Amino acid sequence: MTENSKPTLAARRAFLAKLGGAATCAGAAVGAATLGITASVSAKTEPAANGASFPTKDYDWTKHQWGFGVDATKCIGCLRCVEACKRENDVPANAHQFRTWVERYVHIEGEEQTRIDSQQDPVNIEASGSEKTFRFANRYRDAKVDKAFFVPKLCNHCTHPACVQVCPTGATYKTEDGVVLVDETYCIGCRYCVQACPYGARFLNEEKGVADKCTWCYHRITKGLQPACVEVCPVGARIFGNLKDKQSPVSLFIRNNRVQVLKAEMGNAPNVFYVGIDKEVN
Amino acid sequence: MEPIIHFSPYTGWVYPNETIFEWSILIAVYPYITGLVAGAFTVSSLYQVFGFERLKPVAHMALLTSLSFMIFVPTPLLLHLGHPERAFNATITPHLTSAMAMFGFFASFYVALLIVEGWFANRPYIVEQAQKRTDLLGRFYRLLTLGSYDVSEHALRYDKKWIFALAVIGIPGAHGLHGYVGFMYGSVKAREWWSSDLMAVIFLFSAIISGVSLLAVLYVATCKMRKIPVDLACLKGLAYTIWAFIMVALLLEALEFANLVYKNREGTDMIMQYVTGPLLVPYFILQFAVGAITPFLWLSYMIWRGTTGKALIVGVTVCACLVLFSVFMMRWNVVIGGQEISKTGKGLLSYHLPFWGKEGALMAIFLTTAPLGLLYVLTRLFPPWADAPTHAHS
């Protein structure tokens, strides 16, 4: 692994520290905080406007072309990625706006249609008991399931992004290193981009009055860290890295697998590459 | 458990972020108003450019109607924006690949054109009032003369040339503006219900029929208010115009739908489920049967039978109201309907229209009717009536 694709131990600790509220991370959080690591390396503690922090001084975006891989065969639908994303990026704490989400596909014996749901489904929200924490309800316990799998979804950071094309002000733009971002200080909140995205990856952040979407945790990846969702995935279903580095996890993932993209017919040329998805997935 | 944010109920599978409708009724009102502008201008140009003499009694009002509605075109958009104070970002730094970015320029150009044409058309009246009045309004008219008090035959001939030229430019201006609005929807490939090459043309023709219908209604209403007889030849002219364009509009919509069904691309099953389910009443019954086919048949009957007198007035007025309703339903079915069909092609959402609030029904009604208030003021300031003796050129 290269420097960009493999975060430092300190950075990992820092990230865990931020998830300190979660029971699974409590110990690590205390440890990291005690060691005084949090303040010095946290990706988010310094404001983006601070030149010393963002863009990172030693980061050269011409040397990067970010890419994302999803191995759906590994995903267990734990939804840690969704929760980590919400916390890391201050995504509105409700069950209807997400930068990333996980879809569940279930083929039940004798049924023609595949049943599909996501964490926002009222039954799943009921099961989690809150719109701020997520879990998949065990709703198919008594059904005869032929086939079932999970598919993590997020912004595809397309090579030809329809959202960037339609943005009337240029507030949505594509960076040199292949990430589609929104300038929150310039977006007028017209939501044309929300309509134009074929993947439903965008929404209006009502608090800020601007379009919101996955940034692949740009504030983290430019510091050599992984996106939050990749960081927390317990099974390695999410793979991220620099496509310009032939040895990066994502390059290896693409090279070693037969990958596919979503809605290729749209012509957007997505940069999230999937393995293990079925014909219904779009 | 009370949801934190209002979301729309759905059936089947929809993307999580789709459960919040991002384009509300205001985005349906916006193309509706823009369409009325284009349609009203059509009537004005039919008289000014193509010499349809029988439309003379409404030609001036058409211009004022177009201007009144055009001024209100940006309001639903501004109310809808997350940051209305940044609206000019789209004009100061337009993103050239965006279908929406150029709208500000087109709209501003067209408003300017309408104002200049309106000024030329009303100059004799402005000059007359400027010379006659001594009150505050007199000052207003004197300001509007821009220092030109020449209403000689030579000067008026010159004015007429300008009016003609501006009307000629205005035809592509008005229709381009509305075709452009249609393109903004038609070019969104993410939505199968919108993504159509015909969308711009469909918008254009529906705009024309709505604007002409609005003028028919306004003409009859103003005649009643002013207690003068309705010029039946003029009304018949408007009826012919509606009839001709409604035929094309219907044909285009049918072609569009046939294309969608015949191509049967991915997601068409869901669309068929939608149009034969939740959209059956708003689309087939209200928009087509009641709003378009009924007036088309009724107008055909009146033209065939040579209906005249009160029956013609009532018939054309009712048909025009139905067309106005139909075109609003068309905007609704496109804007709201398009979002009710999930991008997944596997689910349907249902939009809830609130009555109150910034994006509620009341606001939509207000924004649609507010231009009529402005029109009333404008008709007081610049009487558009062809029977007014000052309008030598009209």
# chains A, B, ... in the order shown; residues from 1 in each chain; ligands from 1
$ residues_around --residues "His160 in chain A" --least-positions-apart "2" --cutoff "10 Å" --atoms "only C-alpha atoms" --output "list in words"
His157, Cys158, Ala162, Cys163, Val164, Gln165, Lys174, Met266, Gly267, Asn268, Ala269, Pro270 and Asn271 of chain A
$ residues_around --residues "range 15-26 of chain B" --least-positions-apart "4" --cutoff "8 Å" --atoms "only C-alpha atoms" --output "VMD selection string"
(chain A and resid 96 to 98 101 118 120 191 194 to 195 199 to 204) or (chain B and resid 6 to 10 30 76 to 77 80 332 335 to 336 339 342 to 344 349 351 353 359 to 361 364)
$ write_last_selection --atoms "N, CA and C atoms" --output "tab-separated table (two decimals), in the first residue's frame"
chain	number	residue	atom	x	y	z
A	96	HIS	N	-34.02	10.54	6.03
A	96	HIS	CA	-34.36	10.74	4.62
A	96	HIS	C	-33.30	11.47	3.81
A	97	GLN	N	-32.21	11.79	4.43
A	97	GLN	CA	-31.14	12.46	3.70
A	97	GLN	C	-29.80	11.79	4.03
A	98	PHE	N	-29.18	11.27	3.00
A	98	PHE	CA	-27.95	10.50	3.21
A	98	PHE	C	-26.91	10.83	2.16
A	101	TRP	N	-25.73	5.24	1.62
A	101	TRP	CA	-26.76	4.37	2.17
A	101	TRP	C	-26.50	2.94	1.71
A	118	SER	N	-34.03	0.01	2.11
A	118	SER	CA	-32.82	0.64	2.62
A	118	SER	C	-33.06	1.04	4.06
A	120	GLN	N	-33.71	3.67	5.36
A	120	GLN	CA	-34.72	4.71	5.60
A	120	GLN	C	-36.14	4.16	5.61
A	191	ARG	N	-31.48	23.25	-6.74
A	191	ARG	CA	-31.74	21.81	-6.75
A	191	ARG	C	-31.87	21.18	-8.14
A	194	VAL	N	-29.92	18.08	-8.00
A	194	VAL	CA	-30.60	16.96	-7.34
A	194	VAL	C	-31.43	16.20	-8.38
A	195	GLN	N	-32.10	16.98	-9.24
A	195	GLN	CA	-32.92	16.35	-10.29
A	195	GLN	C	-32.05	15.62	-11.30
A	199	TYR	N	-28.52	8.92	-9.80
A	199	TYR	CA	-28.32	7.95	-8.72
A	199	TYR	C	-28.97	8.35	-7.39
A	200	GLY	N	-29.63	9.49	-7.38
A	200	GLY	CA	-30.28	9.94	-6.14
A	200	GLY	C	-29.28	10.23	-5.04
A	201	ALA	N	-28.08	10.65	-5.43
A	201	ALA	CA	-27.02	10.84	-4.45
A	201	ALA	C	-27.05	12.22	-3.79
A	202	ARG	N	-27.91	13.10	-4.30
A	202	ARG	CA	-27.89	14.47	-3.76
A	202	ARG	C	-29.19	14.81	-3.04
A	203	PHE	N	-29.08	15.79	-2.16
A	203	PHE	CA	-30.26	16.29	-1.47
A	203	PHE	C	-30.01	17.74	-1.08
A	204	LEU	N	-31.06	18.41	-0.64
A	204	LEU	CA	-30.87	19.78	-0.17
A	204	LEU	C	-30.67	19.76	1.34
B	6	HIS	N	-40.32	16.24	6.98
B	6	HIS	CA	-41.47	15.76	6.22
B	6	HIS	C	-41.00	15.00	4.99
B	7	PHE	N	-41.50	13.81	4.83
B	7	PHE	CA	-41.13	13.05	3.65
B	7	PHE	C	-42.38	12.51	2.97
B	8	SER	N	-42.21	12.12	1.72
B	8	SER	CA	-43.37	11.67	0.95
B	8	SER	C	-43.53	10.16	1.06
B	9	PRO	N	-44.77	9.74	1.19
B	9	PRO	CA	-45.00	8.30	1.20
B	9	PRO	C	-44.68	7.70	-0.16
B	10	TYR	N	-44.34	6.45	-0.19
B	10	TYR	CA	-43.97	5.83	-1.46
B	10	TYR	C	-44.34	4.36	-1.46
B	30	TYR	N	-43.89	28.27	-12.29
B	30	TYR	CA	-42.91	29.01	-13.08
B	30	TYR	C	-43.05	28.79	-14.60
B	76	PRO	N	-41.57	32.76	-8.44
B	76	PRO	CA	-41.61	31.40	-7.88
B	76	PRO	C	-40.22	30.80	-7.74
B	77	LEU	N	-39.33	31.15	-8.66
B	77	LEU	CA	-37.96	30.61	-8.59
B	77	LEU	C	-37.24	31.17	-7.37
B	80	HIS	N	-38.29	29.71	-4.20
B	80	HIS	CA	-37.91	28.30	-4.07
B	80	HIS	C	-36.44	28.12	-3.70
B	332	TRP	N	-48.10	20.69	-13.99
B	332	TRP	CA	-48.14	19.91	-12.75
B	332	TRP	C	-47.71	18.47	-13.01
B	335	VAL	N	-43.86	18.43	-13.82
B	335	VAL	CA	-42.94	18.76	-12.71
B	335	VAL	C	-43.15	17.83	-11.51
B	336	ILE	N	-44.36	17.74	-11.06
B	336	ILE	CA	-44.63	16.89	-9.89
B	336	ILE	C	-44.63	15.42	-10.31
B	339	GLN	N	-41.33	13.75	-10.64
B	339	GLN	CA	-40.67	13.41	-9.38
B	339	GLN	C	-41.40	12.29	-8.64
B	342	SER	N	-40.00	7.30	-9.37
B	342	SER	CA	-38.65	7.22	-8.82
B	342	SER	C	-37.61	6.99	-9.91
B	343	LYS	N	-36.42	7.53	-9.67
B	343	LYS	CA	-35.31	7.31	-10.59
B	343	LYS	C	-34.88	5.84	-10.61
B	344	THR	N	-35.33	5.09	-9.62
B	344	THR	CA	-34.99	3.67	-9.60
B	344	THR	C	-35.77	2.91	-10.67
B	349	LEU	N	-43.71	7.71	-5.75
B	349	LEU	CA	-43.87	8.55	-4.57
B	349	LEU	C	-45.16	9.34	-4.72
B	351	TYR	N	-46.76	13.15	-3.86
B	351	TYR	CA	-46.48	14.50	-3.39
B	351	TYR	C	-47.66	15.01	-2.57
B	353	LEU	N	-49.37	18.32	-1.26
B	353	LEU	CA	-49.35	19.78	-1.48
B	353	LEU	C	-49.85	20.48	-0.23
B	359	GLU	N	-44.14	27.38	-0.06
B	359	GLU	CA	-44.31	26.58	-1.27
B	359	GLU	C	-45.64	25.85	-1.26
B	360	GLY	N	-46.65	26.52	-0.71
B	360	GLY	CA	-47.97	25.91	-0.61
B	360	GLY	C	-48.90	26.34	-1.74
B	361	ALA	N	-50.13	25.79	-1.68
B	361	ALA	CA	-51.12	26.07	-2.73
B	361	ALA	C	-51.50	27.55	-2.75
B	364	ALA	N	-48.99	29.55	-4.50
B	364	ALA	CA	-49.04	29.27	-5.94
B	364	ALA	C	-50.20	30.04	-6.59
$ closest_atom_pairs --of "chain B" --to "chain A" --cutoff "6 Å" --atoms "only C-alpha atoms" --output "Markdown table"
| residue | atom | partner | partner_atom | distance |
| --- | --- | --- | --- | --- |
| B:Ile4 | CA | A:Asn94 | CA | 5.9 |
| B:Trp13 | CA | A:Ile116 | CA | 5.9 |
| B:Tyr15 | CA | A:Gly200 | CA | 5.9 |
| B:Pro16 | CA | A:His96 | CA | 5.6 |
| B:Asn17 | CA | A:Gln97 | CA | 5.1 |
| B:Leu81 | CA | A:Cys190 | CA | 5.0 |
| B:Gly82 | CA | A:Gly189 | CA | 4.1 |
| B:His83 | CA | A:Ile188 | CA | 4.8 |
| B:Arg86 | CA | A:Ile188 | CA | 5.5 |
| B:Asn89 | CA | A:Thr169 | CA | 5.8 |
| B:Ala90 | CA | A:Thr169 | CA | 4.6 |
| B:Pro94 | CA | A:Thr169 | CA | 5.2 |
| B:His95 | CA | A:Thr169 | CA | 5.1 |
| B:Thr97 | CA | A:Gln165 | CA | 5.4 |
| B:Ser98 | CA | A:Val166 | CA | 4.1 |
| B:Met100 | CA | A:Pro168 | CA | 5.5 |
| B:Ala101 | CA | A:Pro168 | CA | 4.2 |
| B:Val188 | CA | A:Ala196 | CA | 5.6 |
| B:Ala190 | CA | A:Pro198 | CA | 4.4 |
$ atom_distance --atom1 "CA of Ile209 in chain B" --atom2 "CA of Met330 in chain B"
12.0 Å
$ select_by_dssp --residues "range 90-130 of chain A" --states "strand (DSSP E)" --output "list of chain:residue names"
A:Thr100, A:Trp101, A:Val102, A:Glu103, A:Arg104, A:Tyr105, A:Val106, A:His107, A:Ile108, A:Arg115, A:Ile116, A:Asp117, A:Ser118
$ residues_around --residues "Arg238 in chain A" --least-positions-apart "6" --cutoff "7 Å" --atoms "only C-alpha atoms" --output "MDAnalysis selection string"
chainID A and resid 69:71 230
$ write_last_selection --atoms "N, CA and C atoms" --output "PDB file, in the first residue's frame"
ATOM      1  N   GLY A  69     -14.246   1.517  -4.759  1.00  0.00           N
ATOM      2  CA  GLY A  69     -14.732   0.181  -5.101  1.00  0.00           C
ATOM      3  C   GLY A  69     -15.710  -0.315  -4.052  1.00  0.00           C
ATOM      4  N   VAL A  70     -16.699  -1.073  -4.506  1.00  0.00           N
ATOM      5  CA  VAL A  70     -17.650  -1.675  -3.570  1.00  0.00           C
ATOM      6  C   VAL A  70     -17.705  -3.168  -3.855  1.00  0.00           C
ATOM      7  N   ASP A  71     -17.367  -3.939  -2.858  1.00  0.00           N
ATOM      8  CA  ASP A  71     -17.488  -5.383  -2.992  1.00  0.00           C
ATOM      9  C   ASP A  71     -18.759  -5.805  -2.263  1.00  0.00           C
ATOM     10  N   VAL A 230     -15.230   4.031   4.565  1.00  0.00           N
ATOM     11  CA  VAL A 230     -14.236   2.994   4.276  1.00  0.00           C
ATOM     12  C   VAL A 230     -13.525   2.604   5.567  1.00  0.00           C
TER      13      VAL A 230
END
$ select_by_dssp --residues "range 78-131 of chain A" --states "helix (DSSP H, G or I)" --output "list in words"
Arg80, Cys81, Val82, Glu83, Ala84, Cys85, Lys86, Arg87, Glu88, Pro122, Val123, Asn124, Ile125, Glu126, Ala127 and Ser128 of chain A
$ write_last_selection --atoms "all heavy atoms" --output "short mmCIF file (atom, residue, chain, number, x, y, z; two decimals), in the first residue's frame"
data_model
loop_
_atom_site.label_atom_id
_atom_site.label_comp_id
_atom_site.auth_asym_id
_atom_site.auth_seq_id
_atom_site.Cartn_x
_atom_site.Cartn_y
_atom_site.Cartn_z
N ARG A 80 -22.73 0.69 9.64
CA ARG A 80 -21.75 1.55 10.35
C ARG A 80 -21.30 2.67 9.43
O ARG A 80 -21.03 3.78 9.87
CB ARG A 80 -20.53 0.72 10.74
CG ARG A 80 -20.75 -0.10 11.96
CD ARG A 80 -19.44 -0.71 12.36
NE ARG A 80 -19.63 -1.69 13.39
CZ ARG A 80 -18.62 -2.22 14.07
NH1 ARG A 80 -17.39 -1.86 13.80
NH2 ARG A 80 -18.84 -3.11 15.01
N CYS A 81 -21.18 2.34 8.15
CA CYS A 81 -20.74 3.35 7.18
C CYS A 81 -21.69 4.53 7.15
O CYS A 81 -21.27 5.70 7.11
CB CYS A 81 -20.63 2.72 5.79
SG CYS A 81 -22.09 1.77 5.31
N VAL A 82 -22.99 4.22 7.20
CA VAL A 82 -24.00 5.28 7.12
C VAL A 82 -23.90 6.18 8.35
O VAL A 82 -23.90 7.41 8.24
CB VAL A 82 -25.42 4.65 7.01
CG1 VAL A 82 -26.49 5.73 7.08
CG2 VAL A 82 -25.53 3.84 5.73
N GLU A 83 -23.77 5.55 9.50
CA GLU A 83 -23.69 6.34 10.74
C GLU A 83 -22.39 7.13 10.81
O GLU A 83 -22.38 8.29 11.23
CB GLU A 83 -23.85 5.41 11.95
CG GLU A 83 -25.25 4.85 12.04
CD GLU A 83 -25.48 4.02 13.29
OE1 GLU A 83 -24.56 3.94 14.13
OE2 GLU A 83 -26.58 3.45 13.42
N ALA A 84 -21.29 6.49 10.40
CA ALA A 84 -20.00 7.20 10.43
C ALA A 84 -20.03 8.40 9.51
O ALA A 84 -19.55 9.49 9.85
CB ALA A 84 -18.89 6.26 10.01
N CYS A 85 -20.64 8.23 8.35
CA CYS A 85 -20.74 9.33 7.38
C CYS A 85 -21.54 10.48 7.96
O CYS A 85 -21.17 11.64 7.85
CB CYS A 85 -21.38 8.83 6.08
SG CYS A 85 -21.75 10.14 4.91
N LYS A 86 -22.66 10.13 8.58
CA LYS A 86 -23.51 11.17 9.17
C LYS A 86 -22.74 11.98 10.21
O LYS A 86 -22.85 13.21 10.26
CB LYS A 86 -24.75 10.53 9.80
CG LYS A 86 -25.78 10.08 8.78
CD LYS A 86 -27.08 10.83 8.95
CE LYS A 86 -28.12 10.41 7.91
NZ LYS A 86 -29.27 11.27 7.89
N ARG A 87 -21.98 11.30 11.03
CA ARG A 87 -21.23 12.00 12.08
C ARG A 87 -20.07 12.80 11.52
O ARG A 87 -19.85 13.95 11.89
CB ARG A 87 -20.67 11.00 13.08
CG ARG A 87 -21.74 10.40 13.94
CD ARG A 87 -21.09 9.51 14.96
NE ARG A 87 -22.09 8.68 15.61
CZ ARG A 87 -21.88 8.05 16.74
NH1 ARG A 87 -20.71 8.15 17.34
NH2 ARG A 87 -22.82 7.32 17.28
N GLU A 88 -19.34 12.15 10.65
CA GLU A 88 -18.14 12.79 10.13
C GLU A 88 -18.46 14.06 9.36
O GLU A 88 -17.72 15.04 9.41
CB GLU A 88 -17.40 11.80 9.21
CG GLU A 88 -16.17 12.36 8.52
CD GLU A 88 -15.04 12.69 9.50
OE1 GLU A 88 -15.03 12.15 10.62
OE2 GLU A 88 -14.18 13.52 9.14
N PRO A 122 -39.55 2.78 6.62
CA PRO A 122 -40.20 2.94 7.93
C PRO A 122 -40.08 1.70 8.83
O PRO A 122 -39.94 1.85 10.04
CB PRO A 122 -41.66 3.21 7.56
CG PRO A 122 -41.60 3.81 6.20
CD PRO A 122 -40.43 3.19 5.52
N VAL A 123 -40.13 0.52 8.23
CA VAL A 123 -40.02 -0.71 9.05
C VAL A 123 -38.64 -0.77 9.71
O VAL A 123 -38.52 -1.12 10.90
CB VAL A 123 -40.26 -1.97 8.18
CG1 VAL A 123 -40.03 -3.24 9.00
CG2 VAL A 123 -41.66 -1.95 7.60
N ASN A 124 -37.63 -0.39 8.96
CA ASN A 124 -36.26 -0.41 9.50
C ASN A 124 -36.06 0.69 10.54
O ASN A 124 -35.34 0.49 11.53
CB ASN A 124 -35.24 -0.26 8.37
CG ASN A 124 -35.29 -1.45 7.42
OD1 ASN A 124 -35.62 -2.55 7.83
ND2 ASN A 124 -34.98 -1.21 6.16
N ILE A 125 -36.68 1.82 10.32
CA ILE A 125 -36.58 2.90 11.30
C ILE A 125 -37.27 2.50 12.60
O ILE A 125 -36.77 2.75 13.70
CB ILE A 125 -37.19 4.21 10.72
CG1 ILE A 125 -36.30 4.74 9.57
CG2 ILE A 125 -37.36 5.28 11.79
CD1 ILE A 125 -34.88 5.05 9.97
N GLU A 126 -38.40 1.85 12.42
CA GLU A 126 -39.13 1.36 13.59
C GLU A 126 -38.23 0.40 14.38
O GLU A 126 -38.18 0.45 15.60
CB GLU A 126 -40.39 0.62 13.10
CG GLU A 126 -41.47 0.46 14.15
CD GLU A 126 -42.07 1.78 14.60
OE1 GLU A 126 -42.31 2.66 13.74
OE2 GLU A 126 -42.26 1.95 15.82
N ALA A 127 -37.52 -0.44 13.65
CA ALA A 127 -36.65 -1.43 14.31
C ALA A 127 -35.48 -0.76 15.02
O ALA A 127 -35.08 -1.19 16.11
CB ALA A 127 -36.14 -2.43 13.29
N SER A 128 -34.96 0.29 14.41
CA SER A 128 -33.82 0.95 15.05
C SER A 128 -34.27 1.83 16.21
O SER A 128 -33.51 2.13 17.12
CB SER A 128 -33.04 1.79 14.04
OG SER A 128 -33.71 2.99 13.78
#
$ residues_around --residues "Pro295 in chain B" --least-positions-apart "4" --cutoff "10 Å" --atoms "only C-alpha atoms" --output "NGL selection string"
:B and (239 or 242-243 or 246 or 288-291 or 299-301 or 315-323 or 326)
$ write_last_selection --atoms "C-alpha atoms" --output "mmCIF file, in the first residue's frame"
data_model
loop_
_atom_site.group_PDB
_atom_site.id
_atom_site.type_symbol
_atom_site.label_atom_id
_atom_site.label_comp_id
_atom_site.auth_asym_id
_atom_site.auth_seq_id
_atom_site.Cartn_x
_atom_site.Cartn_y
_atom_site.Cartn_z
ATOM 1 C CA ALA B 239 -60.873 30.861 -30.969
ATOM 2 C CA ILE B 242 -56.587 28.274 -29.862
ATOM 3 C CA TRP B 243 -58.165 25.606 -32.040
ATOM 4 C CA ILE B 246 -54.425 22.956 -29.444
ATOM 5 C CA PHE B 288 -56.544 15.717 -21.766
ATOM 6 C CA ALA B 289 -60.253 14.864 -21.625
ATOM 7 C CA VAL B 290 -61.545 17.876 -19.734
ATOM 8 C CA GLY B 291 -58.884 20.472 -20.487
ATOM 9 C CA LEU B 299 -64.471 24.913 -30.604
ATOM 10 C CA SER B 300 -64.658 22.632 -33.645
ATOM 11 C CA TYR B 301 -68.417 22.491 -33.254
ATOM 12 C CA GLY B 315 -68.403 28.889 -25.542
ATOM 13 C CA VAL B 316 -65.015 30.484 -26.228
ATOM 14 C CA THR B 317 -64.699 31.771 -22.663
ATOM 15 C CA VAL B 318 -65.446 28.385 -21.135
ATOM 16 C CA CYS B 319 -63.130 26.638 -23.617
ATOM 17 C CA ALA B 320 -60.378 29.143 -22.840
ATOM 18 C CA CYS B 321 -60.783 28.546 -19.091
ATOM 19 C CA LEU B 322 -60.577 24.806 -19.689
ATOM 20 C CA VAL B 323 -57.411 25.228 -21.743
ATOM 21 C CA SER B 326 -55.347 21.940 -18.856
#
$ residues_around --residues "Ser206 in chain B" --least-positions-apart "6" --cutoff "12 Å" --atoms "only C-alpha atoms" --output "PyMOL selection string"
chain B and resi 31-39+175+178-179+182+199-200+212-213+242-253+287-288+291-292+323-331
$ residues_around --residues "His64 in chain A" --least-positions-apart "6" --cutoff "10 Å" --atoms "only C-alpha atoms" --output "PyMOL selection string"
chain A and resi 4+176-178+222+241-245
$ atom_distance --atom1 "CA of Leu78 in chain B" --atom2 "CA of Phe106 in chain B"
16.4 Å
$ closest_residue --among "B:Phe41, B:Trp193, B:Phe109, B:Phe69" --to "Val261 in chain B" --atoms "only C-alpha atoms"
B:Trp193
$ atom_distance --atom1 "CA of Met270 in chain B" --atom2 "CA of Ala137 in chain A"
26.5 Å
$ residues_around --residues "Met302 in chain B" --least-positions-apart "4" --cutoff "12 Å" --atoms "only C-alpha atoms" --output "number ranges by chain"
B: 236, 239-240, 243, 295-298, 306-316, 319
